[in-house]
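J.: Just so it is clear, I am handing over my_file23.cif, which has mmCIF, N, CA and C atoms and all ligand atoms.
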```cif
data_upload
#
loop_
_atom_site.label_atom_id
_atom_site.label_comp_id
_atom_site.auth_asym_id
_atom_site.auth_seq_id
_atom_site.Cartn_x
_atom_site.Cartn_y
_atom_site.Cartn_z
N CYS Z 6 -128.00 187.23 -53.02
CA CYS Z 6 -127.39 187.79 -54.22
C CYS Z 6 -126.33 188.81 -53.85
N PRO Z 7 -125.07 188.60 -54.17
CA PRO Z 7 -123.95 189.41 -53.68
C PRO Z 7 -124.10 190.92 -53.88
N SER Z 8 -124.08 191.39 -55.12
CA SER Z 8 -124.11 192.84 -55.30
C SER Z 8 -125.46 193.31 -55.83
N SER Z 9 -126.48 192.65 -55.36
CA SER Z 9 -127.83 193.05 -55.74
C SER Z 9 -128.11 194.48 -55.29
N PRO Z 10 -128.74 195.29 -56.13
CA PRO Z 10 -129.02 196.68 -55.74
C PRO Z 10 -130.01 196.81 -54.59
N LYS Z 11 -130.87 195.82 -54.42
CA LYS Z 11 -131.78 195.87 -53.27
C LYS Z 11 -131.55 194.64 -52.40
N PRO Z 12 -131.93 194.73 -51.14
CA PRO Z 12 -131.74 193.57 -50.28
C PRO Z 12 -132.54 192.38 -50.78
N PRO Z 13 -132.04 191.17 -50.52
CA PRO Z 13 -132.76 190.00 -50.99
C PRO Z 13 -134.13 189.90 -50.31
N ALA Z 14 -135.09 190.53 -50.93
CA ALA Z 14 -136.38 190.73 -50.32
C ALA Z 14 -137.25 189.47 -50.32
N SER Z 15 -137.60 189.01 -51.49
CA SER Z 15 -138.54 187.90 -51.54
C SER Z 15 -137.79 186.57 -51.56
N PRO Z 16 -138.42 185.54 -51.03
CA PRO Z 16 -137.79 184.22 -51.03
C PRO Z 16 -137.65 183.66 -52.45
N SER Z 17 -138.36 184.25 -53.39
CA SER Z 17 -138.27 183.75 -54.76
C SER Z 17 -137.10 184.38 -55.51
N GLU Z 18 -136.26 185.13 -54.79
CA GLU Z 18 -135.08 185.70 -55.44
C GLU Z 18 -133.87 184.83 -55.16
N LYS Z 19 -133.25 184.39 -56.24
CA LYS Z 19 -132.15 183.43 -56.09
C LYS Z 19 -131.18 183.66 -57.23
N CYS Z 20 -129.89 183.48 -56.97
CA CYS Z 20 -128.95 183.61 -58.08
C CYS Z 20 -127.72 182.75 -57.88
N GLY Z 21 -127.04 182.52 -58.97
CA GLY Z 21 -125.84 181.71 -58.94
C GLY Z 21 -125.39 181.39 -60.36
N VAL Z 22 -124.28 180.65 -60.45
CA VAL Z 22 -123.76 180.28 -61.75
C VAL Z 22 -124.22 178.86 -62.10
N LEU Z 23 -124.83 178.75 -63.26
CA LEU Z 23 -125.32 177.45 -63.72
C LEU Z 23 -124.91 177.24 -65.17
N ASN Z 24 -124.88 175.98 -65.59
CA ASN Z 24 -124.68 175.68 -67.00
C ASN Z 24 -126.04 175.61 -67.67
N VAL Z 25 -126.15 176.30 -68.79
CA VAL Z 25 -127.45 176.44 -69.44
C VAL Z 25 -127.33 176.24 -70.94
N THR Z 26 -128.31 175.58 -71.51
CA THR Z 26 -128.44 175.56 -72.96
C THR Z 26 -129.91 175.56 -73.36
N LYS Z 27 -130.20 176.24 -74.45
CA LYS Z 27 -131.53 176.12 -75.04
C LYS Z 27 -131.59 174.79 -75.76
N ILE Z 28 -132.73 174.14 -75.77
CA ILE Z 28 -132.89 172.98 -76.64
C ILE Z 28 -134.02 173.19 -77.64
N THR Z 29 -134.91 174.12 -77.31
CA THR Z 29 -136.03 174.44 -78.19
C THR Z 29 -136.25 175.95 -78.16
N GLU Z 30 -136.50 176.52 -79.30
CA GLU Z 30 -136.80 177.95 -79.39
C GLU Z 30 -138.06 178.13 -80.22
N ASN Z 31 -139.06 178.79 -79.64
CA ASN Z 31 -140.37 178.94 -80.29
C ASN Z 31 -140.89 177.62 -80.85
N GLY Z 32 -140.70 176.57 -80.06
CA GLY Z 32 -141.23 175.27 -80.46
C GLY Z 32 -140.35 174.48 -81.40
N LYS Z 33 -139.26 175.09 -81.87
CA LYS Z 33 -138.36 174.37 -82.80
C LYS Z 33 -137.08 173.94 -82.10
N LYS Z 34 -136.67 172.73 -82.39
CA LYS Z 34 -135.46 172.19 -81.78
C LYS Z 34 -134.24 172.99 -82.25
N VAL Z 35 -133.38 173.33 -81.33
CA VAL Z 35 -132.14 174.02 -81.69
C VAL Z 35 -130.94 173.23 -81.17
N ARG Z 36 -129.79 173.48 -81.77
CA ARG Z 36 -128.58 172.79 -81.36
C ARG Z 36 -128.15 173.26 -79.97
N LYS Z 37 -127.75 172.30 -79.16
CA LYS Z 37 -127.30 172.63 -77.81
C LYS Z 37 -126.04 173.49 -77.85
N ASN Z 38 -125.96 174.38 -76.91
CA ASN Z 38 -124.77 175.22 -76.78
C ASN Z 38 -124.60 175.55 -75.29
N TRP Z 39 -124.01 174.64 -74.57
CA TRP Z 39 -123.88 174.82 -73.11
C TRP Z 39 -123.00 176.02 -72.81
N THR Z 40 -123.51 176.90 -71.96
CA THR Z 40 -122.68 178.01 -71.49
C THR Z 40 -122.86 178.18 -69.99
N SER Z 41 -121.81 178.64 -69.36
CA SER Z 41 -121.88 178.96 -67.94
C SER Z 41 -122.52 180.33 -67.82
N SER Z 42 -123.60 180.41 -67.09
CA SER Z 42 -124.36 181.65 -67.02
C SER Z 42 -124.62 182.08 -65.59
N TRP Z 43 -124.46 183.35 -65.35
CA TRP Z 43 -124.94 183.94 -64.10
C TRP Z 43 -126.45 183.98 -64.21
N THR Z 44 -127.12 183.32 -63.27
CA THR Z 44 -128.55 183.08 -63.39
C THR Z 44 -129.27 183.71 -62.20
N VAL Z 45 -130.33 184.45 -62.48
CA VAL Z 45 -131.09 185.11 -61.43
C VAL Z 45 -132.56 184.78 -61.57
N LEU Z 46 -133.13 184.33 -60.49
CA LEU Z 46 -134.57 184.12 -60.43
C LEU Z 46 -135.18 185.29 -59.67
N GLN Z 47 -136.01 186.05 -60.35
CA GLN Z 47 -136.57 187.26 -59.76
C GLN Z 47 -138.06 187.28 -60.05
N GLY Z 48 -138.86 187.11 -59.02
CA GLY Z 48 -140.29 186.97 -59.25
C GLY Z 48 -140.52 185.75 -60.11
N SER Z 49 -141.26 185.93 -61.19
CA SER Z 49 -141.51 184.78 -62.07
C SER Z 49 -140.59 184.79 -63.29
N THR Z 50 -139.55 185.63 -63.23
CA THR Z 50 -138.64 185.73 -64.37
C THR Z 50 -137.29 185.10 -64.05
N LEU Z 51 -136.78 184.37 -65.02
CA LEU Z 51 -135.45 183.80 -64.90
C LEU Z 51 -134.55 184.52 -65.89
N LEU Z 52 -133.45 185.10 -65.38
CA LEU Z 52 -132.54 185.90 -66.21
C LEU Z 52 -131.19 185.22 -66.30
N PHE Z 53 -130.57 185.31 -67.46
CA PHE Z 53 -129.24 184.74 -67.65
C PHE Z 53 -128.29 185.79 -68.21
N ALA Z 54 -127.08 185.79 -67.71
CA ALA Z 54 -126.02 186.60 -68.32
C ALA Z 54 -124.80 185.70 -68.43
N LYS Z 55 -123.97 185.93 -69.42
CA LYS Z 55 -122.76 185.12 -69.56
C LYS Z 55 -121.92 185.23 -68.31
N GLY Z 56 -121.47 184.12 -67.78
CA GLY Z 56 -120.69 184.12 -66.56
C GLY Z 56 -119.33 184.78 -66.78
N GLN Z 57 -118.96 185.70 -65.91
CA GLN Z 57 -117.64 186.32 -66.00
C GLN Z 57 -116.93 186.15 -64.67
N GLY Z 58 -116.19 185.11 -64.59
CA GLY Z 58 -115.37 184.90 -63.41
C GLY Z 58 -116.14 184.48 -62.17
N GLY Z 59 -117.24 183.84 -62.35
CA GLY Z 59 -117.84 183.12 -61.25
C GLY Z 59 -118.78 183.88 -60.33
N GLY Z 60 -119.66 184.65 -60.89
CA GLY Z 60 -120.82 185.06 -60.12
C GLY Z 60 -120.69 186.33 -59.30
N THR Z 61 -119.74 187.18 -59.62
CA THR Z 61 -119.69 188.43 -58.86
C THR Z 61 -120.34 189.58 -59.63
N SER Z 62 -120.58 189.38 -60.90
CA SER Z 62 -121.15 190.47 -61.69
C SER Z 62 -122.66 190.57 -61.46
N TRP Z 63 -123.16 191.69 -61.72
CA TRP Z 63 -124.60 191.92 -61.61
C TRP Z 63 -125.04 192.70 -62.84
N PHE Z 64 -126.22 192.40 -63.33
CA PHE Z 64 -126.72 193.04 -64.56
C PHE Z 64 -126.75 194.55 -64.43
N GLY Z 65 -127.11 195.03 -63.24
CA GLY Z 65 -127.32 196.46 -63.06
C GLY Z 65 -126.02 197.24 -62.89
N GLY Z 66 -124.90 196.58 -62.96
CA GLY Z 66 -123.62 197.23 -62.70
C GLY Z 66 -123.16 198.19 -63.79
N GLY Z 67 -124.02 198.47 -64.77
CA GLY Z 67 -123.65 199.41 -65.81
C GLY Z 67 -123.04 198.73 -67.02
N GLN Z 68 -122.58 197.48 -66.87
CA GLN Z 68 -121.97 196.80 -68.02
C GLN Z 68 -122.92 195.79 -68.64
N SER Z 69 -122.99 194.63 -68.01
CA SER Z 69 -123.67 193.55 -68.70
C SER Z 69 -125.17 193.56 -68.45
N LYS Z 70 -125.91 193.38 -69.52
CA LYS Z 70 -127.36 193.28 -69.42
C LYS Z 70 -127.73 191.81 -69.44
N PRO Z 71 -128.93 191.50 -68.98
CA PRO Z 71 -129.33 190.11 -69.10
C PRO Z 71 -129.26 189.69 -70.56
N GLU Z 72 -128.64 188.57 -70.77
CA GLU Z 72 -128.49 188.08 -72.13
C GLU Z 72 -129.79 187.48 -72.64
N PHE Z 73 -130.53 186.95 -71.68
CA PHE Z 73 -131.67 186.15 -72.06
C PHE Z 73 -132.59 186.04 -70.85
N THR Z 74 -133.89 186.20 -71.06
CA THR Z 74 -134.82 186.01 -69.95
C THR Z 74 -135.96 185.10 -70.39
N VAL Z 75 -136.48 184.34 -69.45
CA VAL Z 75 -137.70 183.59 -69.72
C VAL Z 75 -138.70 183.82 -68.59
N ASP Z 76 -139.97 183.78 -68.97
CA ASP Z 76 -141.05 183.91 -68.02
C ASP Z 76 -141.47 182.50 -67.59
N LEU Z 77 -141.48 182.29 -66.28
CA LEU Z 77 -141.79 180.94 -65.78
C LEU Z 77 -143.29 180.67 -65.69
N LYS Z 78 -144.10 181.73 -65.78
CA LYS Z 78 -145.55 181.55 -65.64
C LYS Z 78 -146.08 180.60 -66.72
N GLY Z 79 -146.76 179.57 -66.30
CA GLY Z 79 -147.32 178.62 -67.26
C GLY Z 79 -146.32 177.60 -67.76
N GLY Z 80 -145.12 177.62 -67.19
CA GLY Z 80 -144.10 176.68 -67.61
C GLY Z 80 -144.12 175.40 -66.79
N SER Z 81 -143.16 174.55 -67.04
CA SER Z 81 -143.04 173.33 -66.25
C SER Z 81 -141.57 172.96 -66.08
N VAL Z 82 -141.31 172.26 -65.01
CA VAL Z 82 -139.94 171.89 -64.71
C VAL Z 82 -139.89 170.42 -64.33
N ASP Z 83 -138.85 169.75 -64.78
CA ASP Z 83 -138.69 168.34 -64.46
C ASP Z 83 -137.21 167.98 -64.56
N TRP Z 84 -136.82 166.87 -63.97
CA TRP Z 84 -135.47 166.38 -64.19
C TRP Z 84 -135.40 165.81 -65.60
N ALA Z 85 -134.37 166.20 -66.34
CA ALA Z 85 -134.24 165.75 -67.72
C ALA Z 85 -133.96 164.25 -67.76
N SER Z 86 -134.55 163.59 -68.73
CA SER Z 86 -134.28 162.16 -68.89
C SER Z 86 -132.88 161.96 -69.46
N LYS Z 87 -132.35 160.76 -69.31
CA LYS Z 87 -130.97 160.44 -69.72
C LYS Z 87 -130.70 160.76 -71.19
N ASP Z 88 -131.75 160.64 -72.01
CA ASP Z 88 -131.54 160.86 -73.44
C ASP Z 88 -131.41 162.34 -73.79
N LYS Z 89 -131.76 163.22 -72.86
CA LYS Z 89 -131.67 164.66 -73.12
C LYS Z 89 -130.24 165.17 -72.94
N SER Z 90 -129.51 164.53 -72.02
CA SER Z 90 -128.14 164.95 -71.77
C SER Z 90 -127.39 163.86 -71.01
N SER Z 91 -126.08 163.81 -71.25
CA SER Z 91 -125.26 162.86 -70.52
C SER Z 91 -124.78 163.44 -69.19
N LYS Z 92 -125.07 164.75 -68.99
CA LYS Z 92 -124.60 165.39 -67.76
C LYS Z 92 -125.46 164.97 -66.57
N LYS Z 93 -124.89 165.22 -65.39
CA LYS Z 93 -125.61 164.94 -64.14
C LYS Z 93 -126.46 166.14 -63.72
N HIS Z 94 -127.49 165.86 -62.97
CA HIS Z 94 -128.33 166.90 -62.34
C HIS Z 94 -128.82 167.91 -63.38
N VAL Z 95 -129.50 167.45 -64.39
CA VAL Z 95 -129.98 168.35 -65.45
C VAL Z 95 -131.47 168.61 -65.28
N ILE Z 96 -131.80 169.88 -65.17
CA ILE Z 96 -133.20 170.30 -65.05
C ILE Z 96 -133.70 170.68 -66.44
N GLU Z 97 -134.87 170.20 -66.79
CA GLU Z 97 -135.49 170.59 -68.05
C GLU Z 97 -136.60 171.58 -67.76
N LEU Z 98 -136.46 172.77 -68.30
CA LEU Z 98 -137.46 173.81 -68.09
C LEU Z 98 -138.18 174.10 -69.40
N LYS Z 99 -139.49 173.93 -69.36
CA LYS Z 99 -140.30 174.24 -70.54
C LYS Z 99 -141.10 175.50 -70.26
N THR Z 100 -141.11 176.41 -71.20
CA THR Z 100 -141.86 177.64 -70.99
C THR Z 100 -143.07 177.70 -71.91
N ARG Z 101 -144.00 178.55 -71.53
CA ARG Z 101 -145.22 178.71 -72.32
C ARG Z 101 -144.91 179.30 -73.70
N GLN Z 102 -143.81 180.04 -73.79
CA GLN Z 102 -143.44 180.65 -75.07
C GLN Z 102 -142.81 179.64 -76.04
N GLY Z 103 -142.64 178.40 -75.60
CA GLY Z 103 -142.08 177.38 -76.48
C GLY Z 103 -140.56 177.36 -76.51
N THR Z 104 -139.95 177.98 -75.50
CA THR Z 104 -138.50 177.88 -75.36
C THR Z 104 -138.21 176.89 -74.23
N ASP Z 105 -137.48 175.85 -74.54
CA ASP Z 105 -137.10 174.88 -73.52
C ASP Z 105 -135.61 174.96 -73.25
N LEU Z 106 -135.27 174.87 -71.97
CA LEU Z 106 -133.88 174.99 -71.56
C LEU Z 106 -133.46 173.78 -70.76
N LEU Z 107 -132.18 173.46 -70.82
CA LEU Z 107 -131.58 172.56 -69.85
C LEU Z 107 -130.71 173.41 -68.93
N ILE Z 108 -130.84 173.16 -67.65
CA ILE Z 108 -130.11 173.92 -66.64
C ILE Z 108 -129.39 172.90 -65.77
N GLN Z 109 -128.09 173.09 -65.59
CA GLN Z 109 -127.31 172.04 -64.94
C GLN Z 109 -126.28 172.61 -63.99
N SER Z 110 -126.06 171.88 -62.91
CA SER Z 110 -124.93 172.17 -62.03
C SER Z 110 -124.27 170.84 -61.69
N GLU Z 111 -122.95 170.82 -61.61
CA GLU Z 111 -122.24 169.61 -61.19
C GLU Z 111 -122.54 169.31 -59.73
N ASN Z 112 -122.96 170.34 -59.02
CA ASN Z 112 -123.23 170.21 -57.59
C ASN Z 112 -124.68 169.79 -57.35
N ASP Z 113 -124.81 168.64 -56.76
CA ASP Z 113 -126.10 168.02 -56.52
C ASP Z 113 -127.05 168.91 -55.72
N SER Z 114 -126.55 169.51 -54.62
CA SER Z 114 -127.47 170.28 -53.78
C SER Z 114 -127.84 171.60 -54.44
N ILE Z 115 -126.91 172.18 -55.20
CA ILE Z 115 -127.25 173.41 -55.94
C ILE Z 115 -128.35 173.11 -56.97
N ALA Z 116 -128.18 172.01 -57.68
CA ALA Z 116 -129.20 171.62 -58.68
C ALA Z 116 -130.55 171.40 -58.00
N ASN Z 117 -130.54 170.73 -56.85
CA ASN Z 117 -131.79 170.50 -56.12
C ASN Z 117 -132.45 171.79 -55.64
N GLU Z 118 -131.64 172.73 -55.16
CA GLU Z 118 -132.18 174.02 -54.72
C GLU Z 118 -132.87 174.75 -55.86
N TRP Z 119 -132.20 174.74 -57.03
CA TRP Z 119 -132.80 175.42 -58.18
C TRP Z 119 -134.06 174.72 -58.64
N PHE Z 120 -134.02 173.41 -58.60
CA PHE Z 120 -135.20 172.64 -59.00
C PHE Z 120 -136.40 173.06 -58.14
N LYS Z 121 -136.18 173.10 -56.82
CA LYS Z 121 -137.26 173.48 -55.89
C LYS Z 121 -137.70 174.91 -56.13
N ALA Z 122 -136.73 175.81 -56.30
CA ALA Z 122 -137.06 177.22 -56.48
C ALA Z 122 -137.89 177.43 -57.75
N LEU Z 123 -137.50 176.74 -58.82
CA LEU Z 123 -138.24 176.88 -60.08
C LEU Z 123 -139.65 176.30 -59.96
N GLN Z 124 -139.71 175.14 -59.32
CA GLN Z 124 -141.01 174.50 -59.12
C GLN Z 124 -141.94 175.37 -58.27
N ASP Z 125 -141.41 175.92 -57.17
CA ASP Z 125 -142.20 176.80 -56.30
C ASP Z 125 -142.69 178.01 -57.07
N THR Z 126 -141.78 178.60 -57.86
CA THR Z 126 -142.14 179.79 -58.61
C THR Z 126 -143.28 179.48 -59.58
N ILE Z 127 -143.16 178.38 -60.27
CA ILE Z 127 -144.20 178.00 -61.25
C ILE Z 127 -145.54 177.77 -60.54
N SER Z 128 -145.51 177.06 -59.40
CA SER Z 128 -146.79 176.82 -58.74
C SER Z 128 -147.35 178.08 -58.08
N ASN Z 129 -146.47 178.95 -57.58
CA ASN Z 129 -146.94 180.21 -56.98
C ASN Z 129 -147.58 181.14 -58.00
N HIS Z 130 -147.20 181.01 -59.25
CA HIS Z 130 -147.71 181.91 -60.29
C HIS Z 130 -148.72 181.19 -61.20
N ALA Z 131 -149.13 180.02 -60.75
CA ALA Z 131 -149.99 179.18 -61.61
C ALA Z 131 -151.29 179.85 -62.02
N SER Z 132 -151.83 180.68 -61.12
CA SER Z 132 -153.15 181.26 -61.41
C SER Z 132 -153.08 182.57 -62.18
N GLU Z 133 -151.88 183.03 -62.54
CA GLU Z 133 -151.77 184.34 -63.22
C GLU Z 133 -151.94 184.20 -64.73
O1 LIG X 201 -127.69 166.00 -77.34
P1 LIG X 201 -126.29 166.01 -77.90
O2 LIG X 201 -126.23 166.38 -79.33
O3 LIG X 201 -125.54 164.74 -77.58
O4 LIG X 201 -125.57 167.17 -77.13
C1 LIG X 201 -124.18 167.35 -77.07
C2 LIG X 201 -123.75 168.33 -78.12
O5 LIG X 201 -124.48 169.53 -78.01
C3 LIG X 201 -122.28 168.65 -77.98
O6 LIG X 201 -121.88 169.62 -78.89
P2 LIG X 201 -121.70 169.37 -80.44
O7 LIG X 201 -123.04 169.78 -81.01
O8 LIG X 201 -120.62 170.28 -80.88
O9 LIG X 201 -121.42 167.92 -80.62
C4 LIG X 201 -121.97 169.18 -76.58
O10 LIG X 201 -120.58 169.41 -76.46
C5 LIG X 201 -122.40 168.18 -75.54
O11 LIG X 201 -122.15 168.74 -74.26
C6 LIG X 201 -123.86 167.82 -75.69
O12 LIG X 201 -124.22 166.75 -74.86
P3 LIG X 201 -124.53 166.74 -73.31
O13 LIG X 201 -124.81 165.29 -73.04
O14 LIG X 201 -123.30 167.26 -72.62
O15 LIG X 201 -125.74 167.59 -72.99
#
```
Please express what this file holds, its structure, as C-alpha cells.
Ligand code: I3S
T.:
Amino acid sequence: CPSSPKPPASPSEKCGVLNVTKITENGKKVRKNWTSSWTVLQGSTLLFAKGQGGGTSWFGGGQSKPEFTVDLKGGSVDWASKDKSSKKHVIELKTRQGTDLLIQSENDSIANEWFKALQDTISNHASE
C-alpha cells in the first residue's frame, strides 16, 4: 500500500483500484452503479473510497474517508455468473449483512489476486 501510515504488516492487507458496484443492499436488489474505487483489504474489513487519479490517495490523508466498508466475516466469494454482468473477471461478494457487491478488474491477474485474498480472509475469519 503506497502511502499507508503503517508498514504493510499483515499479509491480509491489500489495496488497489477496482471497479465496484453494489447489487444488493440489506437483502434488497439495487440498481448497479459501477464506480472505480480505491479498495483496501484490512483484516476482515474491505474499504472503498472513490478513485481519484489511480490509487495514490489514502483514507488517512486528512481528506477522503472510506466511502463504504463491508465486513467479510461470514461472507462468501465466488466468480459471478455471466448473467450477473457482461464484464470480465467479476467477483461476487456476499456479506452476512445482506449487502452483495460485484468487484471487477479488466486485469486478469489482479482479479485473481483479489479473489484469493478475499477467499483467504473469509476462511481465516470463519470461526469468529
Ligand atoms: O445488470 P444490468 O442491468 O445489465 O447492468 C448494467 C446496467 O447497470 C448499466 O447501467 P444502466 O442501469 O444505466 O443501464 C451499466 O452501465 C452496465 O455496466 C451494467 O451491466 P454490466 O454487464 O456492465 O455489469
J.: Pick the closest to ligand LIG 201 (chain X) from Z:Thr44, Z:Ser91, Z:Thr50, Z:Ser81: which is it, counting all atoms listed in the file?
T.: Z:Ser91
J.: To one decimal in Å, tell me the separation between atom CA of Thr100 of chain Z and atom C of Glu72 of chain Z.
T.: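 Separation between atom CA of Thr100 of chain Z and atom C of Glu72 of chain Z: 15.7 Å.
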J.: Write as a list in words the residues around ligand LIG 201 (chain X), taking 7 Å as the cut-off and counting all atoms listed in the file.
T.: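 Sorted by chain and then by number, the residues are Arg36, Lys37, Asn38, Trp39, Asp88, Lys89, Ser90, Ser91 and Lys92 of chain Z.
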J.: Just to confirm, what's the straight-line distance from atom N of Ile115 of chain Z to atom CA of Phe53 of chain Z in Å (one decimal)?
T.: 17.8 Å
J.: Using only C-alpha atoms, can you tell me which of Z:Lys55, Z:Lys87, Z:Lys34, Z:Lys99 comes closest to Leu123 of chain Z?
T.: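 Ranked by minimum distance to Leu123 of chain Z, first place goes to Z:Lys99.
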J.: For the atom pair atom C of Glu118 of chain Z and atom C of Gln102 of chain Z, what is the interatomic distance in Å to one decimal place?
T.: 23.0 Å
